[in-house]
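Structure data (PDB, C-alpha atoms, pLDDT in the B column) from input.pdb:
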MODEL        1
ATOM      1  CA  VAL A   1     -17.663 -15.298 -13.127  1.00 38.00           C
ATOM      2  CA  SER A   2     -16.059 -14.774  -9.755  1.00 41.00           C
ATOM      3  CA  ILE A   3     -18.438 -12.887  -7.528  1.00 43.00           C
ATOM      4  CA  PRO A   4     -16.768 -11.121  -4.615  1.00 44.00           C
ATOM      5  CA  PHE A   5     -18.572 -11.296  -1.307  1.00 43.00           C
ATOM      6  CA  LEU A   6     -18.579 -10.382   2.308  1.00 41.00           C
ATOM      7  CA  SER A   7     -19.685 -11.029   5.869  1.00 37.00           C
ATOM      8  CA  SER A   8     -19.681  -9.480   9.399  1.00 36.00           C
ATOM      9  CA  CYS A   9     -18.845 -10.126  13.006  1.00 37.00           C
ATOM     10  CA  GLY A  10     -18.719  -8.067  16.139  1.00 37.00           C
ATOM     11  CA  ASP A  11     -21.206  -5.881  17.924  1.00 38.00           C
ATOM     12  CA  ASP A  12     -24.252  -4.414  16.188  1.00 37.00           C
ATOM     13  CA  ASP A  13     -23.314  -1.046  17.661  1.00 36.00           C
ATOM     14  CA  GLU A  14     -20.129  -1.272  15.614  1.00 37.00           C
ATOM     15  CA  GLY A  15     -22.046  -2.112  12.446  1.00 37.00           C
ATOM     16  CA  GLY A  16     -21.221  -5.829  12.535  1.00 38.00           C
ATOM     17  CA  GLY A  17     -22.450  -8.858  14.307  1.00 41.00           C
ATOM     18  CA  GLY A  18     -24.769 -11.766  14.425  1.00 44.00           C
ATOM     19  CA  SER A  19     -27.648  -9.947  12.799  1.00 52.00           C
ATOM     20  CA  SER A  20     -28.136  -9.053   9.189  1.00 62.00           C
ATOM     21  CA  ASN A  21     -28.695  -5.382  10.151  1.00 85.00           C
ATOM     22  CA  ALA A  22     -24.939  -4.736  10.118  1.00 90.00           C
ATOM     23  CA  ILE A  23     -24.603  -5.747   6.502  1.00 94.00           C
ATOM     24  CA  VAL A  24     -27.632  -3.851   5.147  1.00 96.00           C
ATOM     25  CA  GLY A  25     -26.571  -1.220   2.645  1.00 96.00           C
ATOM     26  CA  THR A  26     -24.399  -0.864  -0.436  1.00 96.00           C
ATOM     27  CA  TRP A  27     -20.719  -1.818  -0.336  1.00 95.00           C
ATOM     28  CA  TYR A  28     -17.983  -1.436  -2.924  1.00 91.00           C
ATOM     29  CA  ILE A  29     -14.563  -3.040  -3.216  1.00 86.00           C
ATOM     30  CA  VAL A  30     -11.601  -1.057  -1.912  1.00 79.00           C
ATOM     31  CA  SER A  31      -9.029  -3.805  -2.498  1.00 71.00           C
ATOM     32  CA  ASP A  32      -8.940  -7.511  -3.211  1.00 60.00           C
ATOM     33  CA  ASN A  33      -6.553 -10.268  -4.191  1.00 56.00           C
ATOM     34  CA  GLU A  34      -8.457 -11.077  -7.381  1.00 58.00           C
ATOM     35  CA  LYS A  35      -8.726  -9.071 -10.567  1.00 59.00           C
ATOM     36  CA  SER A  36     -12.195  -7.627 -10.049  1.00 58.00           C
ATOM     37  CA  ALA A  37     -13.939  -5.196 -12.318  1.00 59.00           C
ATOM     38  CA  PRO A  38     -12.739  -1.607 -11.881  1.00 67.00           C
ATOM     39  CA  TYR A  39     -15.833  -0.970  -9.754  1.00 85.00           C
ATOM     40  CA  THR A  40     -17.809  -3.692  -8.015  1.00 89.00           C
ATOM     41  CA  GLU A  41     -20.660  -3.138  -5.585  1.00 92.00           C
ATOM     42  CA  MET A  42     -22.993  -5.306  -3.551  1.00 94.00           C
ATOM     43  CA  THR A  43     -26.254  -4.253  -1.948  1.00 96.00           C
ATOM     44  CA  PHE A  44     -27.925  -6.065   0.941  1.00 97.00           C
ATOM     45  CA  SER A  45     -31.535  -5.146   1.770  1.00 97.00           C
ATOM     46  CA  SER A  46     -33.351  -5.641   5.080  1.00 96.00           C
ATOM     47  CA  ASP A  47     -35.731  -8.126   3.368  1.00 96.00           C
ATOM     48  CA  TYR A  48     -32.768 -10.534   2.858  1.00 96.00           C
ATOM     49  CA  THR A  49     -32.447  -9.866  -0.861  1.00 97.00           C
ATOM     50  CA  CYS A  50     -29.165  -8.754  -2.403  1.00 97.00           C
ATOM     51  CA  SER A  51     -27.651  -7.673  -5.684  1.00 97.00           C
ATOM     52  CA  TRP A  52     -24.178  -7.577  -7.190  1.00 93.00           C
ATOM     53  CA  ARG A  53     -23.009  -5.304 -10.014  1.00 94.00           C
ATOM     54  CA  ALA A  54     -19.704  -4.845 -11.806  1.00 90.00           C
ATOM     55  CA  TYR A  55     -19.123  -1.623 -13.733  1.00 89.00           C
ATOM     56  CA  LYS A  56     -16.575  -0.384 -16.226  1.00 86.00           C
ATOM     57  CA  ALA A  57     -14.174   2.279 -14.959  1.00 81.00           C
ATOM     58  CA  ASP A  58     -16.757   4.947 -15.883  1.00 83.00           C
ATOM     59  CA  ARG A  59     -18.898   3.533 -13.037  1.00 81.00           C
ATOM     60  CA  THR A  60     -22.038   3.832 -15.167  1.00 86.00           C
ATOM     61  CA  THR A  61     -21.789   0.924 -17.629  1.00 90.00           C
ATOM     62  CA  VAL A  62     -22.772  -2.392 -15.998  1.00 92.00           C
ATOM     63  CA  THR A  63     -20.661  -5.318 -17.237  1.00 92.00           C
ATOM     64  CA  ASP A  64     -22.204  -8.054 -15.069  1.00 93.00           C
ATOM     65  CA  SER A  65     -24.847  -8.401 -12.360  1.00 95.00           C
ATOM     66  CA  ASP A  66     -26.855 -10.880 -10.336  1.00 96.00           C
ATOM     67  CA  PHE A  67     -29.596 -10.946  -7.714  1.00 97.00           C
ATOM     68  CA  GLY A  68     -30.286 -13.313  -4.862  1.00 97.00           C
ATOM     69  CA  THR A  69     -31.040 -13.839  -1.200  1.00 97.00           C
ATOM     70  CA  TYR A  70     -28.730 -13.920   1.810  1.00 96.00           C
ATOM     71  CA  GLN A  71     -28.539 -15.129   5.394  1.00 95.00           C
ATOM     72  CA  VAL A  72     -26.215 -13.990   8.196  1.00 95.00           C
ATOM     73  CA  GLU A  73     -25.366 -16.298  11.074  1.00 94.00           C
ATOM     74  CA  GLY A  74     -22.701 -14.994  13.443  1.00 93.00           C
ATOM     75  CA  ASN A  75     -19.776 -13.941  11.258  1.00 93.00           C
ATOM     76  CA  THR A  76     -20.872 -16.139   8.335  1.00 95.00           C
ATOM     77  CA  LEU A  77     -22.671 -14.838   5.266  1.00 94.00           C
ATOM     78  CA  SER A  78     -24.441 -17.217   2.875  1.00 94.00           C
ATOM     79  CA  VAL A  79     -25.667 -15.924  -0.477  1.00 95.00           C
ATOM     80  CA  LEU A  80     -27.802 -17.787  -2.979  1.00 96.00           C
ATOM     81  CA  TRP A  81     -27.430 -16.026  -6.338  1.00 95.00           C
ATOM     82  CA  ASP A  82     -30.249 -16.504  -8.849  1.00 95.00           C
ATOM     83  CA  SER A  83     -27.748 -17.577 -11.536  1.00 93.00           C
ATOM     84  CA  GLU A  84     -26.018 -20.055  -9.193  1.00 89.00           C
ATOM     85  CA  LYS A  85     -29.009 -21.824  -7.585  1.00 90.00           C
ATOM     86  CA  LYS A  86     -27.995 -25.216  -8.985  1.00 89.00           C
ATOM     87  CA  TYR A  87     -24.734 -24.973  -6.975  1.00 89.00           C
ATOM     88  CA  GLY A  88     -26.279 -23.878  -3.685  1.00 89.00           C
ATOM     89  CA  PRO A  89     -25.304 -20.909  -1.510  1.00 93.00           C
ATOM     90  CA  LEU A  90     -21.830 -19.383  -1.414  1.00 91.00           C
ATOM     91  CA  THR A  91     -20.508 -18.862   2.104  1.00 93.00           C
ATOM     92  CA  TRP A  92     -17.922 -16.414   3.455  1.00 91.00           C
ATOM     93  CA  THR A  93     -16.784 -15.164   6.826  1.00 94.00           C
ATOM     94  CA  PHE A  94     -16.700 -11.425   7.358  1.00 94.00           C
ATOM     95  CA  SER A  95     -15.984  -8.655   9.823  1.00 94.00           C
ATOM     96  CA  ILE A  96     -17.199  -5.065   9.902  1.00 94.00           C
ATOM     97  CA  SER A  97     -15.441  -2.180  11.593  1.00 93.00           C
ATOM     98  CA  GLY A  98     -17.009   1.226  11.055  1.00 91.00           C
ATOM     99  CA  ASN A  99     -17.610   1.606   7.319  1.00 92.00           C
ATOM    100  CA  LYS A 100     -15.088  -1.100   6.329  1.00 93.00           C
ATOM    101  CA  MET A 101     -15.930  -4.740   5.781  1.00 92.00           C
ATOM    102  CA  THR A 102     -13.427  -7.529   5.192  1.00 90.00           C
ATOM    103  CA  THR A 103     -14.529 -10.810   3.639  1.00 89.00           C
ATOM    104  CA  SER A 104     -12.733 -14.133   3.373  1.00 88.00           C
ATOM    105  CA  GLU A 105     -13.364 -14.834  -0.313  1.00 77.00           C
ATOM    106  CA  GLY A 106     -10.542 -14.486  -2.778  1.00 71.00           C
ATOM    107  CA  GLY A 107      -7.911 -14.451  -0.050  1.00 74.00           C
ATOM    108  CA  GLY A 108      -9.403 -11.341   1.516  1.00 81.00           C
ATOM    109  CA  THR A 109     -11.455  -8.502   0.141  1.00 86.00           C
ATOM    110  CA  VAL A 110     -11.932  -5.080   1.740  1.00 88.00           C
ATOM    111  CA  TRP A 111     -15.194  -3.246   1.109  1.00 90.00           C
ATOM    112  CA  THR A 112     -16.393   0.189   2.169  1.00 91.00           C
ATOM    113  CA  ARG A 113     -19.951   1.298   2.759  1.00 93.00           C
ATOM    114  CA  LYS A 114     -21.223   3.591   0.030  1.00 84.00           C
TER     115      LYS A 114
ENDMDL
END
Before anything else, please render the file you have as structure tokens.
Amino acid sequence: VSIPFLSSCGDDDEGGGGSSNAIVGTWYIVSDNEKSAPYTEMTFSSDYTCSWRAYKADRTTVTDSDFGTYQVEGNTLSVLWDSEKKYGPLTWTFSISGNKMTTSEGGGTVWTRK
């Protein structure tokens, strides 16, 4: 399963930056270069845990999900999914501007804050 992901850079006042505070919240895909589920969201909590869920077009039926932990260092996001621990963390670069986040995975994915 391809799990879309994200990261942040910039100033914390802009909602991005070298701290995990910029990424805290729930994000959903606006556009990507992969064939993602009709609705995909990721949630990052202030305790460095995260979750990922893919829904059918009705946005109520979950088709796939995972949980894990994350770390932000500069504009790099590392996520260790529970189901992927044997492979180690996945790492992406990201930027946040307002309520939009762009991540490097999949050739570029745009997310918006829910």
Output the residue selection produced by the PyMOL selection byres ((chain A and resi 90) around 8) on the file above, formatted as a PDB file with C-alpha atoms, keeping the file's coordinate frame.
ATOM      1  CA  SER A  78     -24.441 -17.217   2.875  1.00 94.00           C
ATOM      2  CA  VAL A  79     -25.667 -15.924  -0.477  1.00 95.00           C
ATOM      3  CA  LEU A  80     -27.802 -17.787  -2.979  1.00 96.00           C
ATOM      4  CA  GLY A  88     -26.279 -23.878  -3.685  1.00 89.00           C
ATOM      5  CA  PRO A  89     -25.304 -20.909  -1.510  1.00 93.00           C
ATOM      6  CA  THR A  91     -20.508 -18.862   2.104  1.00 93.00           C
ATOM      7  CA  TRP A  92     -17.922 -16.414   3.455  1.00 91.00           C
TER       8      TRP A  92
END
Between CA of Thr69 in chain A and CA of Trp52 in chain A, distance in Å (one decimal): 11.1 Å
Ser65 in chain A environment, 8 Å, all atoms listed in the file, sequence neighbours closer than 3 positions dropped, as JSON, numbers by chain: {"A": [51, 52, 53, 54, 62]}
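Residue nearest Gly106 in chain A within the list A:Tyr70, A:Ser31, A:Asn21, A:Met42: A:Ser31 [criterion: smallest interatomic distance, all atoms listed in the file].
CA of Asp66 in chain A sits 26.2 Å away from CA of Ser97 in chain A.
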Length of the CA of Asn75 in chain A to CA of Gly98 in chain A vector [Å]: 15.4 Å
